[in-house]
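Enquirer: Sharing coords_0.cif below, mmCIF, C-alpha atoms (C1' of nucleotides):
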data_target
#
loop_
_atom_site.group_PDB
_atom_site.id
_atom_site.type_symbol
_atom_site.label_atom_id
_atom_site.label_comp_id
_atom_site.auth_asym_id
_atom_site.auth_seq_id
_atom_site.Cartn_x
_atom_site.Cartn_y
_atom_site.Cartn_z
ATOM 1 C CA MET P 1 -2.974 -7.893 2.714
ATOM 2 C CA ASN P 2 0.015 -9.500 4.333
ATOM 3 C CA ALA P 3 1.253 -8.740 7.819
ATOM 4 C CA PHE P 4 3.730 -6.140 6.601
ATOM 5 C CA ALA P 5 1.183 -4.369 4.461
ATOM 6 C CA ILE P 6 -1.141 -4.187 7.442
ATOM 7 C CA LEU P 7 1.548 -2.346 9.371
ATOM 8 C CA GLY P 8 2.347 -0.168 6.397
ATOM 9 C CA ASP P 9 -0.373 2.197 7.517
ATOM 10 C CA GLN P 10 0.518 4.749 10.164
ATOM 11 C CA VAL P 11 -2.972 4.806 11.632
ATOM 12 C CA ARG P 12 -3.080 1.042 12.042
ATOM 13 C CA ARG P 13 0.312 1.013 13.726
ATOM 14 C CA ARG P 14 -0.911 3.638 16.145
ATOM 15 C CA ILE P 15 -4.082 1.659 16.844
ATOM 16 C CA LEU P 16 -1.987 -1.391 17.608
ATOM 17 C CA GLU P 17 0.060 0.656 20.018
ATOM 18 C CA LEU P 18 -3.108 1.809 21.723
ATOM 19 C CA ILE P 19 -4.510 -1.683 22.166
ATOM 20 C CA SER P 20 -1.193 -3.340 22.881
ATOM 21 C CA SER P 21 -1.215 -2.479 26.553
ATOM 22 C CA GLY P 22 -4.624 -4.022 27.105
ATOM 23 C CA GLU P 23 -8.207 -3.932 25.889
ATOM 24 C CA LYS P 24 -9.601 -0.621 24.675
ATOM 25 C CA ARG P 25 -13.110 0.335 23.666
ATOM 26 C CA ALA P 26 -13.491 1.067 19.974
ATOM 27 C CA GLY P 27 -14.751 4.482 20.935
ATOM 28 C CA ASP P 28 -11.632 5.283 22.924
ATOM 29 C CA VAL P 29 -9.467 4.283 20.016
ATOM 30 C CA VAL P 30 -11.576 6.448 17.728
ATOM 31 C CA GLU P 31 -11.174 9.396 20.045
ATOM 32 C CA VAL P 32 -7.388 9.247 20.122
ATOM 33 C CA ILE P 33 -6.985 8.554 16.424
ATOM 34 C CA GLN P 34 -9.399 11.295 15.515
ATOM 35 C CA GLU P 35 -7.436 13.765 17.554
ATOM 36 C CA GLU P 36 -4.101 12.658 16.169
ATOM 37 C CA PHE P 37 -5.016 12.076 12.528
ATOM 38 C CA GLY P 38 -8.236 13.978 12.024
ATOM 39 C CA ILE P 39 -10.130 11.174 10.325
ATOM 40 C CA THR P 40 -13.724 10.066 10.814
ATOM 41 C CA GLN P 41 -15.175 7.351 13.038
ATOM 42 C CA ALA P 42 -15.988 5.360 9.924
ATOM 43 C CA ALA P 43 -12.374 5.407 8.799
ATOM 44 C CA VAL P 44 -11.144 4.215 12.176
ATOM 45 C CA SER P 45 -13.756 1.491 12.240
ATOM 46 C CA GLN P 46 -12.533 0.298 8.863
ATOM 47 C CA HIS P 47 -8.988 0.110 10.152
ATOM 48 C CA LEU P 48 -10.192 -1.848 13.153
ATOM 49 C CA ARG P 49 -11.868 -4.223 10.771
ATOM 50 C CA VAL P 50 -8.646 -4.740 8.847
ATOM 51 C CA LEU P 51 -6.804 -5.472 12.076
ATOM 52 C CA ARG P 52 -9.512 -7.898 13.130
ATOM 53 C CA GLU P 53 -9.647 -9.737 9.834
ATOM 54 C CA SER P 54 -5.900 -9.982 9.530
ATOM 55 C CA GLY P 55 -5.587 -11.463 12.993
ATOM 56 C CA PHE P 56 -3.749 -8.543 14.543
ATOM 57 C CA ALA P 57 -6.571 -7.785 16.923
ATOM 58 C CA THR P 58 -9.388 -9.576 18.659
ATOM 59 C CA VAL P 59 -12.691 -8.130 19.801
ATOM 60 C CA ARG P 60 -15.283 -8.922 22.373
ATOM 61 C CA GLN P 61 -18.583 -7.296 23.074
ATOM 62 C CA GLN P 62 -19.193 -5.618 26.404
ATOM 63 C CA GLY P 63 -22.627 -4.119 26.603
ATOM 64 C CA ALA P 64 -22.988 -1.722 23.724
ATOM 65 C CA ALA P 65 -19.230 -1.341 23.406
ATOM 66 C CA ARG P 66 -16.703 -3.491 21.600
ATOM 67 C CA LEU P 67 -13.346 -4.076 23.245
ATOM 68 C CA TYR P 68 -10.309 -4.491 21.027
ATOM 69 C CA CYS P 69 -7.141 -6.195 22.064
ATOM 70 C CA ILE P 70 -3.851 -6.905 20.307
ATOM 71 C CA GLU P 71 -3.111 -10.439 19.235
ATOM 72 C CA ASN P 72 0.616 -11.014 19.275
ATOM 73 C CA LYS P 73 0.629 -13.968 16.910
ATOM 74 C CA ALA P 74 0.740 -11.688 13.883
ATOM 75 C CA LEU P 75 3.629 -9.699 15.284
ATOM 76 C CA THR P 76 5.492 -12.946 15.567
ATOM 77 C CA GLU P 77 5.361 -13.488 11.818
ATOM 78 C CA LEU P 78 7.077 -10.160 11.255
ATOM 79 C CA ASP P 79 9.590 -10.825 13.921
ATOM 80 C CA ASN P 80 10.525 -14.143 12.387
ATOM 81 C CA TRP P 81 11.155 -12.563 9.037
ATOM 82 C CA LEU P 82 13.334 -9.854 10.527
ATOM 83 C CA GLU P 83 15.210 -12.484 12.480
ATOM 84 C CA ARG P 84 15.904 -14.419 9.310
ATOM 85 C CA MET P 85 17.075 -11.301 7.495
ATOM 86 C CA ARG P 86 19.360 -10.392 10.307
ATOM 87 C CA GLY P 87 20.637 -13.948 10.280
ATOM 88 C CA ASN P 88 21.594 -13.810 6.609
ATOM 89 C CA TRP P 89 23.209 -10.485 7.025
ATOM 90 C CA GLN P 90 25.161 -11.614 10.050
ATOM 91 C CA THR P 91 26.395 -14.721 8.275
ATOM 92 C CA HIS P 92 27.641 -12.453 5.524
ATOM 93 C CA LEU P 93 29.424 -10.191 7.970
ATOM 94 C CA ASP P 94 31.015 -13.157 9.671
ATOM 95 C CA LYS P 95 32.351 -14.361 6.347
ATOM 96 C CA LEU P 96 33.818 -10.931 5.649
ATOM 97 C CA ASP P 97 35.464 -10.943 9.048
ATOM 98 C CA ALA P 98 36.975 -14.342 8.362
ATOM 99 C CA GLU P 99 38.260 -13.080 4.992
ATOM 100 C CA ILE P 100 39.891 -10.096 6.584
ATOM 101 C CA LYS P 101 41.576 -12.153 9.289
ATOM 102 C CA LYS P 102 42.904 -14.594 6.734
ATOM 103 C CA GLU P 103 44.436 -11.753 4.754
ATOM 104 C CA SER P 104 46.200 -10.103 7.660
ATOM 105 C CA MET E 1 6.736 5.313 2.175
ATOM 106 C CA ASN E 2 7.644 4.230 5.656
ATOM 107 C CA ALA E 3 9.734 1.203 6.479
ATOM 108 C CA PHE E 4 6.714 -1.029 6.992
ATOM 109 C CA ALA E 5 5.092 0.035 3.757
ATOM 110 C CA ILE E 6 8.315 -0.758 1.929
ATOM 111 C CA LEU E 7 8.119 -4.312 3.224
ATOM 112 C CA GLY E 8 4.432 -4.508 2.458
ATOM 113 C CA ASP E 9 5.328 -5.644 -1.029
ATOM 114 C CA GLN E 10 6.077 -9.310 -1.549
ATOM 115 C CA VAL E 11 8.550 -8.681 -4.348
ATOM 116 C CA ARG E 12 10.545 -6.216 -2.309
ATOM 117 C CA ARG E 13 10.710 -8.594 0.629
ATOM 118 C CA ARG E 14 12.005 -11.283 -1.671
ATOM 119 C CA ILE E 15 14.606 -8.932 -3.117
ATOM 120 C CA LEU E 16 15.789 -8.106 0.370
ATOM 121 C CA GLU E 17 16.133 -11.785 1.099
ATOM 122 C CA LEU E 18 18.203 -12.202 -2.036
ATOM 123 C CA ILE E 19 20.594 -9.398 -1.195
ATOM 124 C CA SER E 20 20.691 -10.046 2.518
ATOM 125 C CA SER E 21 23.336 -12.718 2.285
ATOM 126 C CA GLY E 22 25.714 -10.482 0.381
ATOM 127 C CA GLU E 23 25.982 -8.300 -2.718
ATOM 128 C CA LYS E 24 24.072 -9.344 -5.814
ATOM 129 C CA ARG E 25 24.132 -7.966 -9.331
ATOM 130 C CA ALA E 26 20.897 -6.237 -10.325
ATOM 131 C CA GLY E 27 20.689 -8.652 -13.216
ATOM 132 C CA ASP E 28 20.824 -11.676 -10.940
ATOM 133 C CA VAL E 29 18.060 -10.255 -8.804
ATOM 134 C CA VAL E 30 16.014 -9.584 -11.927
ATOM 135 C CA GLU E 31 16.505 -13.145 -13.072
ATOM 136 C CA VAL E 32 15.217 -14.711 -9.857
ATOM 137 C CA ILE E 33 12.332 -12.305 -9.411
ATOM 138 C CA GLN E 34 11.295 -12.691 -12.996
ATOM 139 C CA GLU E 35 11.163 -16.415 -12.613
ATOM 140 C CA GLU E 36 9.283 -16.285 -9.342
ATOM 141 C CA PHE E 37 6.883 -13.441 -10.040
ATOM 142 C CA GLY E 38 6.818 -13.117 -13.803
ATOM 143 C CA ILE E 39 7.343 -9.356 -13.910
ATOM 144 C CA THR E 40 9.553 -7.316 -16.221
ATOM 145 C CA GLN E 41 13.092 -6.057 -15.729
ATOM 146 C CA ALA E 42 11.693 -2.543 -15.510
ATOM 147 C CA ALA E 43 9.421 -3.482 -12.625
ATOM 148 C CA VAL E 44 12.268 -5.087 -10.705
ATOM 149 C CA SER E 45 14.462 -2.078 -11.343
ATOM 150 C CA GLN E 46 11.739 0.137 -9.916
ATOM 151 C CA HIS E 47 11.579 -1.958 -6.776
ATOM 152 C CA LEU E 48 15.335 -1.757 -6.451
ATOM 153 C CA ARG E 49 15.007 1.967 -6.674
ATOM 154 C CA VAL E 50 12.459 2.042 -3.875
ATOM 155 C CA LEU E 51 14.763 -0.054 -1.703
ATOM 156 C CA ARG E 52 17.672 2.232 -2.500
ATOM 157 C CA GLU E 53 15.796 5.438 -1.819
ATOM 158 C CA SER E 54 14.269 4.176 1.392
ATOM 159 C CA GLY E 55 17.643 3.146 2.732
ATOM 160 C CA PHE E 56 17.008 -0.583 2.726
ATOM 161 C CA ALA E 57 19.664 -1.235 0.146
ATOM 162 C CA THR E 58 22.909 0.256 -1.046
ATOM 163 C CA VAL E 59 24.450 0.006 -4.503
ATOM 164 C CA ARG E 60 27.862 0.243 -6.000
ATOM 165 C CA GLN E 61 28.965 0.153 -9.594
ATOM 166 C CA GLN E 62 31.177 -2.654 -10.789
ATOM 167 C CA GLY E 63 31.963 -2.326 -14.426
ATOM 168 C CA ALA E 64 28.682 -2.260 -16.270
ATOM 169 C CA ALA E 65 26.896 -3.987 -13.428
ATOM 170 C CA ARG E 66 25.394 -2.555 -10.274
ATOM 171 C CA LEU E 67 25.764 -4.507 -7.068
ATOM 172 C CA TYR E 68 22.988 -4.286 -4.489
ATOM 173 C CA CYS E 69 23.430 -5.026 -0.831
ATOM 174 C CA ILE E 70 21.083 -4.931 2.136
ATOM 175 C CA GLU E 71 21.437 -2.138 4.645
ATOM 176 C CA ASN E 72 20.371 -3.352 8.044
ATOM 177 C CA LYS E 73 19.695 0.058 9.518
ATOM 178 C CA ALA E 74 16.159 0.091 8.139
ATOM 179 C CA LEU E 75 15.415 -3.342 9.515
ATOM 180 C CA THR E 76 16.375 -2.023 12.908
ATOM 181 C CA GLU E 77 13.577 0.517 12.826
ATOM 182 C CA LEU E 78 11.034 -2.256 12.339
ATOM 183 C CA ASP E 79 12.609 -4.358 14.971
ATOM 184 C CA ASN E 80 12.458 -1.568 17.501
ATOM 185 C CA TRP E 81 8.761 -1.080 16.915
ATOM 186 C CA LEU E 82 8.041 -4.771 17.298
ATOM 187 C CA GLU E 83 10.104 -4.817 20.450
ATOM 188 C CA ARG E 84 8.082 -1.973 21.888
ATOM 189 C CA MET E 85 4.790 -3.654 20.975
ATOM 190 C CA ARG E 86 5.861 -6.854 22.544
ATOM 191 C CA GLY E 87 6.903 -4.907 25.604
ATOM 192 C CA ASN E 88 3.470 -3.326 26.056
ATOM 193 C CA TRP E 89 1.786 -6.636 25.548
ATOM 194 C CA GLN E 90 4.062 -8.339 28.028
ATOM 195 C CA THR E 91 3.459 -5.709 30.658
ATOM 196 C CA HIS E 92 -0.225 -6.289 30.206
ATOM 197 C CA LEU E 93 0.155 -10.040 30.604
ATOM 198 C CA ASP E 94 2.237 -9.581 33.706
ATOM 199 C CA LYS E 95 -0.477 -7.438 35.225
ATOM 200 C CA LEU E 96 -3.069 -10.113 34.463
ATOM 201 C CA ASP E 97 -0.859 -12.717 36.076
ATOM 202 C CA ALA E 98 -0.536 -10.602 39.190
ATOM 203 C CA GLU E 99 -4.324 -10.151 39.283
ATOM 204 C CA ILE E 100 -4.913 -13.875 39.084
ATOM 205 C CA LYS E 101 -2.419 -14.669 41.792
ATOM 206 C CA LYS E 102 -3.974 -12.100 44.094
ATOM 207 C CA GLU E 103 -7.400 -13.673 43.612
ATOM 208 C CA SER E 104 -6.342 -17.233 44.318
ATOM 209 C "C1'" DG A 1 -41.754 0.660 21.784
ATOM 210 C "C1'" DT A 2 -38.768 4.923 21.012
ATOM 211 C "C1'" DC A 3 -34.614 7.356 21.639
ATOM 212 C "C1'" DT A 4 -29.887 7.440 22.217
ATOM 213 C "C1'" DT A 5 -25.352 5.650 22.186
ATOM 214 C "C1'" DA A 6 -21.740 2.773 20.179
ATOM 215 C "C1'" DT A 7 -20.115 0.781 16.273
ATOM 216 C "C1'" DA A 8 -20.170 -1.197 11.596
ATOM 217 C "C1'" DT A 9 -21.108 -1.137 6.725
ATOM 218 C "C1'" DA A 10 -22.113 0.605 1.847
ATOM 219 C "C1'" DA A 11 -21.049 3.311 -1.990
ATOM 220 C "C1'" DC A 12 -18.143 6.102 -4.011
ATOM 221 C "C1'" DA A 13 -14.099 9.601 -4.923
ATOM 222 C "C1'" DA A 14 -9.253 10.722 -4.837
ATOM 223 C "C1'" DG A 15 -4.873 9.369 -4.701
ATOM 224 C "C1'" DA A 16 -1.082 6.006 -4.321
ATOM 225 C "C1'" DC A 17 1.038 1.725 -6.089
ATOM 226 C "C1'" DT A 18 2.681 -1.428 -9.260
ATOM 227 C "C1'" DC A 19 2.747 -3.014 -13.368
ATOM 228 C "C1'" DT A 20 3.579 -2.433 -18.777
ATOM 229 C "C1'" DT A 21 5.976 -0.771 -23.059
ATOM 230 C "C1'" DA A 22 9.160 2.179 -24.944
ATOM 231 C "C1'" DT A 23 13.253 4.586 -24.471
ATOM 232 C "C1'" DA A 24 17.484 6.508 -22.269
ATOM 233 C "C1'" DT A 25 21.955 6.101 -20.064
ATOM 234 C "C1'" DG A 26 26.333 4.492 -19.329
ATOM 235 C "C1'" DA A 27 30.095 0.925 -19.532
ATOM 236 C "C1'" DT A 28 32.587 -2.391 -22.386
ATOM 237 C "C1'" DA A 29 34.063 -4.574 -26.571
ATOM 238 C "C1'" DT A 30 35.305 -4.325 -31.433
ATOM 239 C "C1'" DA G 1 32.703 5.535 -33.407
ATOM 240 C "C1'" DT G 2 29.366 1.866 -33.185
ATOM 241 C "C1'" DA G 3 27.282 -2.004 -31.318
ATOM 242 C "C1'" DT G 4 26.074 -4.440 -27.316
ATOM 243 C "C1'" DC G 5 25.140 -5.415 -22.634
ATOM 244 C "C1'" DA G 6 23.374 -3.982 -18.063
ATOM 245 C "C1'" DT G 7 20.416 -1.140 -15.922
ATOM 246 C "C1'" DA G 8 17.459 2.903 -15.187
ATOM 247 C "C1'" DT G 9 13.736 6.046 -16.297
ATOM 248 C "C1'" DA G 10 9.334 7.958 -18.430
ATOM 249 C "C1'" DA G 11 4.587 7.817 -19.403
ATOM 250 C "C1'" DG G 12 0.486 5.742 -18.879
ATOM 251 C "C1'" DA G 13 -3.107 1.994 -17.489
ATOM 252 C "C1'" DG G 14 -5.329 -0.735 -14.091
ATOM 253 C "C1'" DT G 15 -5.831 -1.792 -9.429
ATOM 254 C "C1'" DC G 16 -5.704 -1.237 -4.568
ATOM 255 C "C1'" DT G 17 -6.120 1.768 -0.477
ATOM 256 C "C1'" DT G 18 -7.908 5.040 2.364
ATOM 257 C "C1'" DG G 19 -10.585 8.391 3.038
ATOM 258 C "C1'" DT G 20 -15.682 10.612 2.902
ATOM 259 C "C1'" DT G 21 -20.825 10.809 3.635
ATOM 260 C "C1'" DA G 22 -24.851 8.452 4.524
ATOM 261 C "C1'" DT G 23 -27.023 4.723 6.574
ATOM 262 C "C1'" DA G 24 -27.607 0.290 9.159
ATOM 263 C "C1'" DT G 25 -27.395 -2.492 13.269
ATOM 264 C "C1'" DA G 26 -27.582 -3.620 17.896
ATOM 265 C "C1'" DA G 27 -27.564 -2.653 22.978
ATOM 266 C "C1'" DG G 28 -29.222 -0.010 26.778
ATOM 267 C "C1'" DA G 29 -32.129 3.752 28.852
ATOM 268 C "C1'" DC G 30 -36.640 5.570 29.508
#
For this file, write the structure as structure tokens.

Expert:
Amino acid sequence: MNAFAILGDQVRRRILELISSGEKRAGDVVEVIQEEFGITQAAVSQHLRVLRESGFATVRQQGAARLYCIENKALTELDNWLERMRGNWQTHLDKLDAEIKKES
Amino acid sequence: MNAFAILGDQVRRRILELISSGEKRAGDVVEVIQEEFGITQAAVSQHLRVLRESGFATVRQQGAARLYCIENKALTELDNWLERMRGNWQTHLDKLDAEIKKES
DNA sequence: GTCTTATATAACAAGACTCTTATATGATAT
DNA sequence: ATATCATATAAGAGTCTTGTTATATAAGAC
């Protein structure tokens, strides 16, 4: 799965939001997601795994708990792509502008 | 499909790149995608449809051809989300910084 | 050690996605 | 009107995703 596909899932986006402001225990994430989406602990854990393996999140053990934290490197990839798209588009608009000015 | 899911597909991202610098005939898009991904005209047409229906692209008829163009509104949605994520993350980092300074 | 708590994994079912081939539509040319 | 070109749609197959239940692992409490 590529970075965009990872974010294609609503639940994963929400998890990222939850861990983006700082470390959260897996259990706390589960609690919120369960309330909001009504899915099982297992399902949430699988999403956490996807985020881990794709580099969107990092984990560390703390006692019996596991703390998840967002890793902004992956977000950067997305951002770069959007930036490039916007760039192309803008170039196009600029050309149109130039056309219009030439005509008038 | 949400905006992120739309971009989850490699082919669709490539199509967006192709039409981001200005209008392109469906046929021209098909040609490039076919060469790069080896899929049929029908498959490309289906992706174009997804992009159309999700608001990522607009079309207009020109003779027998249909011209596709990127619509940047949808990209904005993604951008906003990334911005917000980065914001949360940054706030978190700032807090850590403050912590460290207090300690030293 | 045994029990409990926190989390991950396995196996599988249901549904969504993305192709394919075949066919339809709609514009242009003759 | 018919043929052709450009593109879209339909129906179906295979695959991928995302859930579920059941179970495993691993840490801490007693």

Enquirer: Please write the residues picked by the PyMOL selection byres ((chain A) within 10 of (chain P)) on this file as a PyMOL selection string.

Expert: chain A and resi 5-9

Enquirer: Using the chain letters and numbers from the file, give me the residues hit by the PyMOL selection byres ((chain G) within 8 of (chain E)), as a list in words.

Expert: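 Given this file, the PyMOL selection byres ((chain G) within 8 of (chain E)) evaluates to DC5, DA6, DT7 and DA8 of chain G.
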
Enquirer: Counting all atoms listed in the file, what are the residues of chain E within 12 Å of chain P, and for each of them which pair of atoms is the nearest and at what distance in Å, to one decimal? Sort the table by chain and rising number, as CSV.

Expert:
residue,atom,partner,partner_atom,distance
E:Met1,CA,P:Gly8,CA,8.2
E:Asn2,CA,P:Gly8,CA,6.9
E:Ala3,CA,P:Gly8,CA,7.5
E:Phe4,CA,P:Gly8,CA,4.5
E:Ala5,CA,P:Gly8,CA,3.8
E:Ile6,CA,P:Gly8,CA,7.5
E:Leu7,CA,P:Phe4,CA,5.8
E:Gly8,CA,P:Ala5,CA,3.8
E:Asp9,CA,P:Ala5,CA,7.0
E:Gln10,CA,P:Asn2,CA,8.4
E:Arg12,CA,P:Phe4,CA,11.2
E:Arg13,CA,P:Trp81,CA,9.3
E:Arg14,CA,P:Met85,CA,10.5
E:Ile15,CA,P:Met85,CA,11.2
E:Leu16,CA,P:Met85,CA,7.9
E:Glu17,CA,P:Met85,CA,6.5
E:Leu18,CA,P:Asn88,CA,9.4
E:Ile19,CA,P:Trp89,CA,8.7
E:Ser20,CA,P:Trp89,CA,5.2
E:Ser21,CA,P:Asn88,CA,4.8
E:Gly22,CA,P:His92,CA,5.8
E:Glu23,CA,P:His92,CA,9.4
E:Phe56,CA,P:Met85,CA,11.7
E:Cys69,CA,P:Trp89,CA,9.6
E:Ile70,CA,P:Trp89,CA,7.7
E:Glu71,CA,P:Trp89,CA,8.9
E:Asn72,CA,P:Arg86,CA,7.5
E:Lys73,CA,P:Arg86,CA,10.5
E:Ala74,CA,P:Leu82,CA,10.6
E:Leu75,CA,P:Leu82,CA,6.9
E:Thr76,CA,P:Leu82,CA,8.7
E:Glu77,CA,P:Leu82,CA,10.6
E:Leu78,CA,P:Leu82,CA,8.1
E:Asp79,CA,P:Leu82,CA,7.1
E:Asn80,CA,P:Asp79,CA,10.3
E:Trp81,CA,P:Arg13,CA,9.3
E:Leu82,CA,P:Leu75,CA,6.9
E:Glu83,CA,P:Asp79,CA,8.9
E:Arg84,CA,P:Glu17,CA,8.6
E:Met85,CA,P:Ser20,CA,6.3
E:Arg86,CA,P:Asn72,CA,7.4
E:Gly87,CA,P:Ser21,CA,8.5
E:Asn88,CA,P:Ser21,CA,4.8
E:Trp89,CA,P:Ser20,CA,5.2
E:Gln90,CA,P:Ser21,CA,8.0
E:Thr91,CA,P:Ser21,CA,7.0
E:His92,CA,P:Ser21,CA,5.4
E:Leu93,CA,P:Gly22,CA,8.4
E:Asp94,CA,P:Ser21,CA,10.7
E:Lys95,CA,P:Gly22,CA,9.7
E:Leu96,CA,P:Gly22,CA,9.7

Enquirer: Taking (-5.2, 0.4, -3.2) in the file's coordinates as the center, which residues reach within 9 Å of it, counting all atoms listed in the file, put as a list of chain:residue names?

Expert: A:DA16, A:DC17, G:DT15, G:DC16, G:DT17, G:DT18

Enquirer: Please write the residues from the selection above to a file, keeping C-alpha atoms (C1' of nucleotides), as a tab-separated table (two decimals), in the frame of the given file.

Expert:
chain	number	residue	atom	x	y	z
A	16	DA	C1'	-1.08	6.01	-4.32
A	17	DC	C1'	1.04	1.72	-6.09
G	15	DT	C1'	-5.83	-1.79	-9.43
G	16	DC	C1'	-5.70	-1.24	-4.57
G	17	DT	C1'	-6.12	1.77	-0.48
G	18	DT	C1'	-7.91	5.04	2.36

Enquirer: Can you sort out the box for range 20-27 of chain G, edges along x, y and z, all listed atoms in, 4 Å on every side, with centre and edge lengths in Å to one decimal, as AutoDock Vina command-line options?

Expert:
--center_x -21.6 --center_y 3.6 --center_z 12.9 --size_x 19.9 --size_y 22.4 --size_z 28.1

Enquirer: What separation in Å, quoted to one decimal, exists between CA of Phe37 in chain E and C1' of DT4 in chain G?

Expert: 27.3 Å

Enquirer: Identify the residues around (-31.9, 11.5, 24.1) within a radius of 12 Å, measuring from only C-alpha atoms (C1' of nucleotides) in the coordinates stated by the file, and give them as a ChimeraX atom specification.

Expert: /A:2-5 /G:29-30

Enquirer: Report, in Å to a single decimal, how far apart CA of Val32 in chain E and C1' of DT21 in chain A are.

Expert: 21.3 Å

Enquirer: To one decimal place, how far is CA of Tyr68 in chain P from CA of Lys24 in chain P in Å?

Expert: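 Computing the Euclidean distance for CA of Tyr68 in chain P and CA of Lys24 in chain P yields 5.4 Å.
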
Enquirer: Using the chain letters and numbers from the file, give me the residues hit by the PyMOL selection byres ((chain A and resi 29) around 9), as a list in words.

Expert: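 Checking the PyMOL selection byres ((chain A and resi 29) around 9) against this file, the residues are DT28 and DT30 of chain A; DA3 and DT4 of chain G.
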
Enquirer: For DA13 in chain G, work out the shell of residues within 12 Å, counting all atoms listed in the file and skipping chain neighbours fewer than 3 positions away, then give it as a list of chain:residue names.

Expert: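 Counting only the stated atoms, we get A:DT18, A:DC19, A:DT20, A:DT21.
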
Enquirer: Which residues are near Ile33 in chain E? Cut-off 8 Å, only C-alpha atoms (C1' of nucleotides), ignore same chain within fewer than 2 positions. Put them as a PDB file with C-alpha atoms, in the coordinates of the input.

Expert:
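selection10.pdb was written with the following content:
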ATOM      1  CA  VAL E  11       8.550  -8.681  -4.348  1.00  0.00           C
ATOM      2  CA  ARG E  14      12.005 -11.283  -1.671  1.00  0.00           C
ATOM      3  CA  ILE E  15      14.606  -8.932  -3.117  1.00  0.00           C
ATOM      4  CA  VAL E  29      18.060 -10.255  -8.804  1.00  0.00           C
ATOM      5  CA  VAL E  30      16.014  -9.584 -11.927  1.00  0.00           C
ATOM      6  CA  GLU E  31      16.505 -13.145 -13.072  1.00  0.00           C
ATOM      7  CA  GLU E  35      11.163 -16.415 -12.613  1.00  0.00           C
ATOM      8  CA  GLU E  36       9.283 -16.285  -9.342  1.00  0.00           C
ATOM      9  CA  PHE E  37       6.883 -13.441 -10.040  1.00  0.00           C
ATOM     10  CA  GLY E  38       6.818 -13.117 -13.803  1.00  0.00           C
ATOM     11  CA  ILE E  39       7.343  -9.356 -13.910  1.00  0.00           C
ATOM     12  CA  VAL E  44      12.268  -5.087 -10.705  1.00  0.00           C
TER      13      VAL E  44
END
